[in-house]
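J.: So that you have it, the file is start.cif, and it contains mmCIF, C-alpha atoms and all ligand atoms:
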```cif
data_run
#
loop_
_atom_site.label_atom_id
_atom_site.label_comp_id
_atom_site.auth_asym_id
_atom_site.auth_seq_id
_atom_site.Cartn_x
_atom_site.Cartn_y
_atom_site.Cartn_z
CA MET A 1 -104.33 62.32 41.71
CA LYS A 2 -104.51 63.33 45.35
CA ASN A 3 -101.80 65.91 44.67
CA LEU A 4 -103.71 67.33 41.77
CA VAL A 5 -106.88 67.65 43.80
CA ALA A 6 -104.95 69.18 46.65
CA LEU A 7 -103.29 71.66 44.30
CA ILE A 8 -106.64 72.71 42.91
CA VAL A 9 -107.97 73.16 46.44
CA LEU A 10 -104.87 75.14 47.34
CA LEU A 11 -105.20 77.45 44.35
CA PHE A 12 -108.86 77.87 45.13
CA LEU A 13 -108.25 78.71 48.76
CA SER A 14 -105.35 81.04 48.22
CA SER A 15 -106.60 82.96 45.27
CA CYS A 16 -110.15 83.92 45.88
CA ALA A 17 -112.96 82.01 47.27
CA SER A 18 -113.67 80.77 50.70
CA ASP A 19 -115.23 83.54 52.63
CA ILE A 20 -114.79 81.51 55.77
CA LEU A 21 -111.05 81.18 55.33
CA ARG A 22 -110.66 84.75 54.17
CA GLY A 23 -112.56 85.85 57.18
CA ASP A 24 -109.86 84.30 59.36
CA ARG A 25 -112.33 82.00 61.06
CA VAL A 26 -110.31 78.95 60.16
CA THR A 27 -106.91 79.16 61.79
CA LEU A 28 -104.00 76.77 61.97
CA ARG A 29 -104.50 76.00 65.64
CA ASN A 30 -108.16 75.17 65.09
CA ALA A 31 -107.57 73.15 61.95
CA ALA A 32 -104.81 70.83 63.17
CA SER A 33 -105.25 67.80 65.38
CA PHE A 34 -101.74 68.31 66.82
CA PRO A 35 -100.07 71.41 68.28
CA ILE A 36 -99.01 74.11 65.85
CA GLY A 37 -96.22 76.34 67.05
CA THR A 38 -94.02 79.23 66.15
CA ALA A 39 -90.72 80.51 67.37
CA ALA A 40 -91.19 83.87 69.00
CA SER A 41 -89.08 86.26 71.01
CA TYR A 42 -89.91 87.87 74.32
CA SER A 43 -89.95 91.25 72.64
CA GLN A 44 -92.36 90.12 69.92
CA LEU A 45 -94.75 88.74 72.52
CA ASN A 46 -94.57 91.84 74.67
CA THR A 47 -94.12 94.80 72.40
CA ASP A 48 -95.31 93.98 68.90
CA ASP A 49 -99.11 94.13 68.92
CA SER A 50 -99.68 92.97 65.35
CA ILE A 51 -97.32 90.02 65.60
CA ARG A 52 -98.69 89.00 68.99
CA ALA A 53 -102.26 89.10 67.65
CA ILE A 54 -101.40 86.70 64.83
CA ILE A 55 -99.50 84.39 67.16
CA LEU A 56 -102.52 84.20 69.45
CA LYS A 57 -104.82 83.58 66.52
CA GLU A 58 -102.87 80.90 64.66
CA PHE A 59 -100.73 79.02 67.18
CA ASN A 60 -101.07 77.03 70.38
CA SER A 61 -97.41 76.33 71.03
CA ILE A 62 -94.46 78.70 71.48
CA THR A 63 -90.75 78.00 71.21
CA PRO A 64 -88.78 81.01 72.46
CA GLU A 65 -86.37 81.61 69.58
CA ASN A 66 -83.32 82.63 71.60
CA ASP A 67 -84.59 83.53 75.07
CA MET A 68 -84.17 80.09 76.63
CA LYS A 69 -80.69 79.42 75.28
CA MET A 70 -77.76 79.14 77.67
CA TYR A 71 -76.30 82.47 76.55
CA SER A 72 -79.64 84.08 77.43
CA VAL A 73 -80.44 82.45 80.77
CA MET A 74 -76.85 82.36 82.04
CA PRO A 75 -75.09 85.27 80.38
CA ARG A 76 -72.53 85.44 83.18
CA SER A 77 -70.76 82.80 85.20
CA ASN A 78 -73.23 80.75 87.27
CA GLU A 79 -75.80 83.53 87.35
CA PHE A 80 -79.26 82.53 86.13
CA ARG A 81 -81.54 85.20 84.70
CA TRP A 82 -85.08 83.93 84.86
CA GLU A 83 -87.15 87.09 84.28
CA VAL A 84 -87.58 86.76 80.53
CA VAL A 85 -88.40 83.05 80.68
CA ASP A 86 -90.83 83.68 83.55
CA SER A 87 -92.59 86.28 81.46
CA ILE A 88 -92.92 83.88 78.51
CA VAL A 89 -94.20 81.19 80.89
CA ALA A 90 -96.86 83.63 82.12
CA PHE A 91 -97.78 84.56 78.53
CA CYS A 92 -98.29 80.90 77.61
CA ALA A 93 -100.30 80.21 80.76
CA ARG A 94 -102.55 83.25 80.18
CA ASN A 95 -103.21 82.18 76.63
CA ASP A 96 -103.42 78.44 77.06
CA MET A 97 -100.38 77.72 74.89
CA ARG A 98 -97.80 74.99 75.13
CA LEU A 99 -94.28 76.16 75.97
CA PHE A 100 -91.43 74.27 74.35
CA GLY A 101 -87.95 74.69 75.83
CA HIS A 102 -85.13 75.35 73.39
CA ALA A 103 -82.38 74.34 74.05
CA LEU A 104 -80.55 72.97 77.08
CA VAL A 105 -77.24 72.01 75.46
CA TRP A 106 -76.13 73.44 72.13
CA HIS A 107 -72.60 74.34 71.09
CA SER A 108 -73.79 77.53 69.37
CA SER A 109 -75.53 78.86 72.46
CA THR A 110 -72.79 77.97 74.91
CA PRO A 111 -71.54 81.28 76.33
CA ARG A 112 -67.90 82.17 75.91
CA TRP A 113 -67.39 82.60 79.67
CA LEU A 114 -68.07 78.87 80.02
CA THR A 115 -65.79 77.65 77.25
CA GLU A 116 -63.04 79.87 78.64
CA ALA A 117 -63.58 78.94 82.30
CA GLY A 118 -60.81 76.34 82.29
CA HIS A 119 -63.02 73.41 83.24
CA ASP A 120 -61.74 69.87 83.29
CA SER A 121 -64.09 67.03 82.40
CA VAL A 122 -65.13 66.44 86.02
CA SER A 123 -66.02 70.05 86.81
CA LEU A 124 -67.73 70.55 83.43
CA SER A 125 -69.79 67.45 83.98
CA THR A 126 -70.85 68.79 87.39
CA PHE A 127 -71.73 72.14 85.83
CA LEU A 128 -73.84 70.44 83.14
CA GLU A 129 -75.77 68.38 85.64
CA GLU A 130 -76.40 71.33 87.95
CA TYR A 131 -77.41 73.61 85.09
CA VAL A 132 -79.91 71.16 83.60
CA THR A 133 -81.29 70.20 87.02
CA ALA A 134 -81.82 73.80 88.15
CA TYR A 135 -83.37 74.86 84.86
CA VAL A 136 -85.70 71.92 84.28
CA SER A 137 -86.84 71.71 87.92
CA ARG A 138 -87.73 75.39 87.95
CA TYR A 139 -90.10 74.84 85.03
CA LYS A 140 -91.27 71.35 86.00
CA GLY A 141 -94.80 70.75 84.74
CA VAL A 142 -94.71 74.07 82.89
CA VAL A 143 -92.35 73.46 79.99
CA ASP A 144 -93.98 70.60 78.11
CA GLY A 145 -90.88 69.39 76.28
CA TRP A 146 -87.25 70.34 75.79
CA ASP A 147 -84.67 70.19 73.09
CA VAL A 148 -82.23 68.62 75.51
CA VAL A 149 -79.36 68.32 73.06
CA ASN A 150 -79.32 70.30 69.86
CA GLU A 151 -77.25 69.50 66.76
CA ALA A 152 -75.10 66.69 68.14
CA VAL A 153 -74.36 65.01 64.80
CA THR A 154 -71.92 66.01 62.04
CA ASP A 155 -73.25 66.94 58.60
CA SER A 156 -72.97 64.23 55.92
CA ALA A 157 -70.95 61.90 58.13
CA GLY A 158 -71.68 59.10 60.53
CA THR A 159 -70.01 60.80 63.47
CA LEU A 160 -70.83 62.98 66.41
CA ARG A 161 -70.08 66.65 66.05
CA GLN A 162 -66.78 67.79 67.56
CA THR A 163 -68.13 70.50 69.83
CA PHE A 164 -66.90 71.94 73.09
CA TRP A 165 -69.17 69.48 74.91
CA TYR A 166 -68.12 66.44 72.91
CA ASN A 167 -64.45 67.29 73.06
CA MET A 168 -64.58 67.70 76.83
CA LEU A 169 -66.96 64.89 77.79
CA GLY A 170 -67.33 62.54 74.83
CA GLU A 171 -70.73 61.09 73.96
CA SER A 172 -71.56 60.91 77.67
CA TYR A 173 -72.55 64.61 77.71
CA ILE A 174 -75.70 63.58 75.87
CA ASP A 175 -76.54 60.86 78.39
CA GLN A 176 -75.89 63.22 81.29
CA ALA A 177 -78.11 65.97 79.92
CA PHE A 178 -81.05 63.62 79.26
CA ILE A 179 -80.72 61.86 82.61
CA ALA A 180 -80.57 65.13 84.57
CA ALA A 181 -83.55 66.54 82.65
CA HIS A 182 -85.61 63.42 83.23
CA GLU A 183 -84.83 63.34 86.94
CA ALA A 184 -85.81 67.00 87.22
CA ASP A 185 -89.12 66.52 85.38
CA PRO A 186 -90.08 62.90 84.66
CA ASN A 187 -93.09 64.00 82.59
CA ALA A 188 -91.29 66.34 80.23
CA ILE A 189 -90.81 65.11 76.65
CA LEU A 190 -87.08 65.12 75.94
CA PHE A 191 -85.81 65.66 72.41
CA LEU A 192 -82.67 65.26 70.38
CA ASN A 193 -83.01 67.96 67.73
CA ASP A 194 -81.06 68.53 64.53
CA TYR A 195 -81.02 70.34 61.18
CA ASN A 196 -80.84 68.96 57.64
CA ILE A 197 -81.86 65.49 58.79
CA GLU A 198 -84.91 65.74 56.54
CA ARG A 199 -82.52 65.76 53.55
CA ASP A 200 -79.09 64.50 54.63
CA THR A 201 -79.71 60.77 54.88
CA VAL A 202 -76.21 60.03 56.17
CA LYS A 203 -76.80 62.47 59.00
CA MET A 204 -80.27 61.05 59.65
CA ASN A 205 -78.91 57.52 59.82
CA ALA A 206 -76.19 58.64 62.24
CA THR A 207 -78.90 60.33 64.34
CA ILE A 208 -80.90 57.10 64.44
CA ASP A 209 -77.77 55.16 65.41
CA LEU A 210 -77.19 57.64 68.24
CA ILE A 211 -80.79 57.28 69.41
CA ASN A 212 -80.42 53.50 69.40
CA ARG A 213 -77.23 53.73 71.47
CA LEU A 214 -78.96 56.06 73.94
CA LYS A 215 -81.92 53.71 74.24
CA SER A 216 -79.67 50.69 74.71
CA ARG A 217 -78.00 52.49 77.62
CA GLY A 218 -81.40 53.28 79.14
CA VAL A 219 -81.08 57.03 78.53
CA PRO A 220 -84.54 58.61 78.86
CA ILE A 221 -84.95 60.12 75.40
CA SER A 222 -88.55 60.56 74.31
CA GLY A 223 -88.44 62.64 71.14
CA ILE A 224 -86.69 63.38 67.87
CA GLY A 225 -86.82 66.88 66.42
CA LEU A 226 -86.36 67.52 62.72
CA GLN A 227 -85.69 71.23 62.47
CA MET A 228 -86.75 71.20 58.81
CA HIS A 229 -85.14 74.45 57.70
CA THR A 230 -85.67 73.16 54.24
CA ARG A 231 -85.51 74.29 50.63
CA MET A 232 -87.91 74.24 47.72
CA ASP A 233 -85.74 71.82 45.73
CA ILE A 234 -85.45 69.12 48.42
CA PRO A 235 -87.40 66.14 47.00
CA ASN A 236 -90.48 65.05 48.90
CA GLU A 237 -89.34 61.44 48.60
CA ILE A 238 -86.26 62.15 50.72
CA ILE A 239 -88.32 64.00 53.31
CA ALA A 240 -90.74 61.06 53.42
CA TYR A 241 -87.82 58.64 53.92
CA SER A 242 -86.57 60.72 56.84
CA LEU A 243 -90.00 60.94 58.42
CA ARG A 244 -90.31 57.17 58.20
CA LYS A 245 -86.94 56.73 59.92
CA ALA A 246 -87.99 59.16 62.62
CA ALA A 247 -91.35 57.45 63.11
CA GLU A 248 -89.71 54.02 63.34
CA THR A 249 -87.89 55.11 66.51
CA GLY A 250 -91.26 55.07 68.28
CA LEU A 251 -90.36 58.48 69.76
CA GLN A 252 -92.39 61.66 69.60
CA VAL A 253 -91.63 63.42 66.31
CA HIS A 254 -91.46 67.21 66.24
CA LEU A 255 -91.01 69.26 63.08
CA SER A 256 -89.40 71.82 65.29
CA GLU A 257 -88.19 74.79 63.21
CA VAL A 258 -89.91 74.67 59.85
CA ASP A 259 -89.30 77.17 57.09
CA ILE A 260 -88.80 76.81 53.33
CA ILE A 261 -86.36 78.92 51.34
CA PHE A 262 -85.83 79.37 47.60
CA ASN A 263 -82.20 80.43 47.67
CA ARG A 264 -79.22 78.56 49.12
CA HIS A 265 -76.69 78.82 51.91
CA ASN A 266 -74.02 76.56 53.34
CA ASP A 267 -75.37 76.70 56.90
CA ARG A 268 -72.76 79.28 57.90
CA GLN A 269 -73.67 82.77 59.10
CA GLY A 270 -73.49 85.41 56.36
CA GLU A 271 -72.99 82.86 53.56
CA GLY A 272 -76.22 82.99 51.61
CA GLU A 273 -76.24 82.53 47.83
CA GLN A 274 -78.81 84.83 46.25
CA ILE A 275 -80.33 83.04 43.24
CA TYR A 276 -83.85 84.44 43.23
CA ASN A 277 -84.24 88.17 43.78
CA GLU A 278 -87.98 88.34 43.93
CA LEU A 279 -90.90 86.17 44.87
CA THR A 280 -93.15 85.69 41.86
CA SER A 281 -96.74 84.56 42.32
CA GLU A 282 -95.84 81.24 40.70
CA MET A 283 -93.05 80.69 43.24
CA ALA A 284 -95.42 81.60 46.04
CA GLN A 285 -97.93 78.99 44.84
CA GLU A 286 -95.22 76.34 44.62
CA GLN A 287 -94.15 77.17 48.14
CA GLY A 288 -97.75 76.70 49.26
CA GLU A 289 -97.71 73.27 47.70
CA LYS A 290 -94.45 72.40 49.46
CA TYR A 291 -95.82 73.44 52.85
CA MET A 292 -98.87 71.32 52.14
CA ASN A 293 -96.75 68.31 51.11
CA ILE A 294 -94.64 68.49 54.27
CA ALA A 295 -97.66 68.68 56.58
CA ASP A 296 -99.41 65.97 54.58
CA MET A 297 -96.39 63.65 54.85
CA TYR A 298 -96.11 64.37 58.56
CA ARG A 299 -99.73 63.37 59.12
CA GLY A 300 -99.53 60.40 56.81
CA ILE A 301 -96.24 58.90 57.99
CA VAL A 302 -95.97 59.73 61.68
CA PRO A 303 -98.52 57.80 63.76
CA LYS A 304 -101.00 60.04 65.54
CA ASP A 305 -99.73 59.26 69.01
CA GLN A 306 -96.19 60.29 67.95
CA GLN A 307 -97.24 63.64 66.46
CA TYR A 308 -95.73 66.16 68.86
CA GLY A 309 -96.55 68.92 66.41
CA ILE A 310 -95.26 71.27 63.76
CA THR A 311 -93.45 74.43 64.82
CA LEU A 312 -92.47 77.20 62.40
CA TRP A 313 -89.22 79.08 62.97
CA GLY A 314 -91.04 82.37 62.79
CA PHE A 315 -94.29 82.74 60.89
CA ASN A 316 -93.59 85.81 58.73
CA ASP A 317 -91.07 87.02 56.16
CA ARG A 318 -90.64 90.36 57.91
CA THR A 319 -88.95 88.95 60.99
CA THR A 320 -87.53 85.67 59.64
CA TRP A 321 -84.09 84.78 61.01
CA ILE A 322 -83.00 83.76 57.48
CA ARG A 323 -82.48 87.28 56.15
CA PRO A 324 -80.16 88.71 58.81
CA PHE A 325 -78.45 85.40 59.56
CA PHE A 326 -77.44 84.48 56.01
CA LYS A 327 -77.60 88.01 54.55
CA LEU A 328 -80.10 86.63 52.10
CA ASN A 329 -83.28 88.07 50.71
CA ASP A 330 -85.75 85.20 50.90
CA TRP A 331 -89.40 84.52 51.75
CA PRO A 332 -89.40 81.37 53.88
CA ALA A 333 -92.51 81.91 55.98
CA ILE A 334 -96.29 81.56 55.70
CA TYR A 335 -97.12 85.25 56.26
CA ASP A 336 -95.55 87.98 54.14
CA ASP A 337 -93.69 91.18 54.98
CA ASN A 338 -97.00 92.96 55.52
CA LEU A 339 -98.18 90.25 57.89
CA GLN A 340 -100.69 88.91 55.39
CA ARG A 341 -101.33 85.22 54.76
CA LYS A 342 -99.38 83.85 51.78
CA PRO A 343 -100.24 80.83 49.62
CA ALA A 344 -97.81 79.07 51.97
CA PHE A 345 -100.30 79.66 54.77
CA TYR A 346 -103.14 78.08 52.81
CA GLY A 347 -100.91 75.18 51.81
CA LEU A 348 -99.98 74.49 55.41
CA LEU A 349 -103.59 74.88 56.50
CA ASN A 350 -104.69 72.37 53.92
CA GLY A 351 -101.84 70.01 54.85
CA VAL A 352 -102.59 69.93 58.58
CA MET A 353 -106.29 69.17 58.16
CA ASP A 354 -107.34 65.57 58.59
O1 LIG B 401 -78.92 90.87 69.60
C1 LIG B 401 -77.80 91.12 68.73
C2 LIG B 401 -77.82 92.55 68.26
O2 LIG B 401 -77.65 93.38 69.38
C3 LIG B 401 -76.70 92.74 67.23
O3 LIG B 401 -76.78 94.02 66.70
C4 LIG B 401 -76.84 91.73 66.10
C5 LIG B 401 -75.69 91.83 65.09
O4 LIG B 401 -75.35 90.59 64.56
O5 LIG B 401 -76.83 90.43 66.64
C6 LIG B 401 -77.91 90.21 67.53
O6 LIG B 401 -77.82 88.90 68.02
C7 LIG B 401 -78.20 87.90 67.11
C8 LIG B 401 -79.34 87.10 67.73
O7 LIG B 401 -79.67 86.04 66.89
C9 LIG B 401 -80.61 87.93 67.97
O8 LIG B 401 -81.12 88.37 66.75
C10 LIG B 401 -77.00 87.00 66.85
O9 LIG B 401 -75.98 87.71 66.15
C11 LIG B 401 -77.42 85.82 66.03
O10 LIG B 401 -76.33 84.90 65.98
C12 LIG B 401 -78.62 85.13 66.70
O11 LIG B 401 -79.00 84.15 65.81
C13 LIG B 401 -79.89 83.17 66.30
C14 LIG B 401 -79.20 81.81 66.14
O12 LIG B 401 -80.11 80.78 66.40
C15 LIG B 401 -78.03 81.66 67.13
O13 LIG B 401 -78.48 81.64 68.45
C16 LIG B 401 -81.15 83.26 65.44
O14 LIG B 401 -81.88 84.44 65.80
C17 LIG B 401 -82.04 82.05 65.69
O15 LIG B 401 -83.11 82.04 64.79
C18 LIG B 401 -81.21 80.79 65.49
O16 LIG B 401 -82.02 79.69 65.77
C19 LIG B 401 -81.44 78.41 65.51
C20 LIG B 401 -81.98 77.44 66.53
O17 LIG B 401 -81.74 77.92 67.82
C21 LIG B 401 -81.34 76.06 66.35
N1 LIG B 401 -81.54 75.60 65.00
C22 LIG B 401 -81.09 76.48 63.97
C23 LIG B 401 -81.76 77.85 64.12
C24 LIG B 401 -81.33 78.75 63.02
O18 LIG B 401 -79.94 78.99 63.08
#
```
Render the structure in this file as structure tokens.
Ligand code: G3I
T.:
Amino acid sequence: MKNLVALIVLLFLSSCASDILRGDRVTLRNAASFPIGTAASYSQLNTDDSIRAIILKEFNSITPENDMKMYSVMPRSNEFRWEVVDSIVAFCARNDMRLFGHALVWHSSTPRWLTEAGHDSVSLSTFLEEYVTAYVSRYKGVVDGWDVVNEAVTDSAGTLRQTFWYNMLGESYIDQAFIAAHEADPNAILFLNDYNIERDTVKMNATIDLINRLKSRGVPISGIGLQMHTRMDIPNEIIAYSLRKAAETGLQVHLSEVDIIFNRHNDRQGEGEQIYNELTSEMAQEQGEKYMNIADMYRGIVPKDQQYGITLWGFNDRTTWIRPFFKLNDWPAIYDDNLQRKPAFYGLLNGVMD
């Protein structure tokens, strides 16, 4: 019944009526009781006026999409480049927005110079500690939370992912990164972040097991991030199960990279499977409902004091990472190619309201 009512409200909001909503007076950041974020790049914030205006209007949290990754801040051996991050820090401070740091340790953002540097486990461990310490201390009290370790768990298996970091240091690389980050900024919220854990229950259970091991060793983890790059056909029941598992950890829960696609891919670059070639208005409405369901479940399942927020991995179809990354024509975001609000926007808006 609640779903039916919500759907009617959604159709009403997205199709015609509310002058207030149409007039842009109700925005995501004003409607939600928790932070609402988007991924954004330095260049979008600094050079794209229309995108910047919408970001300022709708969001109160920013995750730099690629600009805080290791390949961006340390493109060459032991040489930090802070300028871009400093500029994003200043942008967030000027506009009273939360800055979320993404990501300290991630196999996919580890620069080649590092993997080819000939480290042994002792020298790599020293590098990791010094890198995390220098980075997190520089932005102490400024970056609110960090994805400390990103994508540590294997898909559909109960194991840790065999990455450069794991192969060199074993599970202890995770402990080291969290401990160094916590020592550098004891107030920062420190996340383990991963993809597909809203749908891959084996992977989610392995993530929970990892969190339990970290806790039992006294590792200062304070958050779990569900990236939530999800798909229209992922059942709400499975997403609800995953949110319950996440909430049961007692950690902060961040939906950290939300978008919803219609087509498929196998998570590998360039390997999209084009099933739908165009977005019909019916599909757009269904996507609105899915955004609403996800936000609704987040509010309903995750206790208020664990709601770190919902962050979109880009808010519009024009600049979504999905298209270039998977070579896929899709419409995963809440604003369209012309930077207009989609039914997905109204669904999310409805879902985040108490
Ligand atoms: O900047 C170069 C450009 O000069 C070149 O012409 C072009 C050709 O491929 O590549 C451009 O670099 C791309 C970069 O994004 C900037 O657009 C890289 O190839 C591409 O691999 C990189 O992809 C990013 C990816 O992480 C890897 O870092 C995506 O933008 C970004 O959205 C994605 O974000 C990740 C999260 O960090 C972690 N969770 C999954 C999420 C999606 O994969």
J.: Can you list, as a PyMOL selection string, every protein, DNA or RNA residue that comes within 9 Å of Ile221 in chain A when you count only C-alpha atoms, leaving out same-chain residues fewer than 3 positions away?
T.: chain A and resi 148+175+178-179+182+189-192+211+214-215+218+224+251
J.: Give the residues close to ligand LIG 401 (chain B), within 9 Å, counting all atoms listed in the file; write them as a ChimeraX atom specification.
T.: /A:39,64-66,69,71,102-103,106,108-109,150-151,193-195,227,229,256-257,267-269,313-314,320-322,324-325
J.: One decimal, Å: what's the distance from CA of Tyr241 in chain A over to CA of Val302 in chain A, could you say?
T.: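 These two atoms are separated by 11.3 Å.
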J.: What does the structure give for the distance between CA of Ala184 in chain A and CA of Tyr131 in chain A, in Å to one decimal?
T.: 10.9 Å
J.: Do you have the CA of Arg29 in chain A-CA of Asn60 in chain A distance handy?
T.: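 Spanning CA of Arg29 in chain A to CA of Asn60 in chain A is a straight-line distance of 5.9 Å.
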J.: Considering all atoms listed in the file, return as an mmCIF file with C-alpha atoms, in the frame of the given file whatever protein or nucleic-acid residues lie within 12 Å of Arg199 in chain A, sequence-local ones (same chain, fewer than 5 positions apart) excluded.
T.:
```
data_model
loop_
_atom_site.group_PDB
_atom_site.id
_atom_site.type_symbol
_atom_site.label_atom_id
_atom_site.label_comp_id
_atom_site.auth_asym_id
_atom_site.auth_seq_id
_atom_site.Cartn_x
_atom_site.Cartn_y
_atom_site.Cartn_z
ATOM 1 C CA ASP A 155 -73.250 66.940 58.600
ATOM 2 C CA SER A 156 -72.970 64.230 55.920
ATOM 3 C CA ASP A 194 -81.060 68.530 64.530
ATOM 4 C CA MET A 204 -80.270 61.050 59.650
ATOM 5 C CA ASN A 205 -78.910 57.520 59.820
ATOM 6 C CA LEU A 226 -86.360 67.520 62.720
ATOM 7 C CA GLN A 227 -85.690 71.230 62.470
ATOM 8 C CA MET A 228 -86.750 71.200 58.810
ATOM 9 C CA HIS A 229 -85.140 74.450 57.700
ATOM 10 C CA THR A 230 -85.670 73.160 54.240
ATOM 11 C CA ARG A 231 -85.510 74.290 50.630
ATOM 12 C CA MET A 232 -87.910 74.240 47.720
ATOM 13 C CA ASP A 233 -85.740 71.820 45.730
ATOM 14 C CA ILE A 234 -85.450 69.120 48.420
ATOM 15 C CA PRO A 235 -87.400 66.140 47.000
ATOM 16 C CA ASN A 236 -90.480 65.050 48.900
ATOM 17 C CA GLU A 237 -89.340 61.440 48.600
ATOM 18 C CA ILE A 238 -86.260 62.150 50.720
ATOM 19 C CA ILE A 239 -88.320 64.000 53.310
ATOM 20 C CA ALA A 240 -90.740 61.060 53.420
ATOM 21 C CA TYR A 241 -87.820 58.640 53.920
ATOM 22 C CA SER A 242 -86.570 60.720 56.840
ATOM 23 C CA LEU A 243 -90.000 60.940 58.420
ATOM 24 C CA LYS A 245 -86.940 56.730 59.920
#
```
J.: So, with all atoms listed in the file as the atoms that count, which of A:Val73, A:Asn167, A:Ile174, A:Met283 lies closest to Asp120 in chain A?
T.: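 Distance minimum relative to Asp120 in chain A lands on A:Asn167.
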J.: Ranking A:Trp165, A:Gly309, A:Thr159, A:Phe91 by minimum distance to Thr115 in chain A and counting only C-alpha atoms, which one comes first?
T.: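 With only C-alpha atoms as the atom set, the closest residue is A:Trp165.
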J.: Have a look at A:Ile301, A:Ala157, A:Val143, A:Ala344 and name the one nearest to Ser281 in chain A; count only C-alpha atoms.
T.: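 Of all the options, A:Ala344 lies closest to Ser281 in chain A.
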J.: From the options A:Asp354, A:Asp144, A:Asp330, A:Glu116, which residue's atoms come nearest to Ala284 in chain A, counting all atoms listed in the file?
T.: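 Of A:Asp354, A:Asp144, A:Asp330, A:Glu116, the one nearest Ala284 in chain A, counting all atoms listed in the file, is A:Asp330.
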J.: Please, what is the axis-aligned box for every listed atom of range 41-48 of chain A with 8 Å on each side, as centre and edge lengths in Å to one decimal, as lines of an AutoDock Vina configuration file?
T.:
```
center_x = -92.2
center_y = 90.5
center_z = 71.8
size_x = 22.2
size_y = 24.5
size_z = 21.8
```
J.: Please provide as a list in words all residues within 6 Å of Pro343 in chain A, with the sequence filter that same-chain residues fewer than 2 positions apart are discarded (counting only C-alpha atoms).
T.: Ser14, Gln285, Gly288, Phe345 and Tyr346 of chain A
J.: Calculated over all atoms listed in the file, which of the candidates A:Ala247, A:Ala295, A:Leu45, A:Ile275 has the smallest distance to Val84 in chain A?
T.: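 For Val84 in chain A, the nearest of the given residues is A:Leu45.
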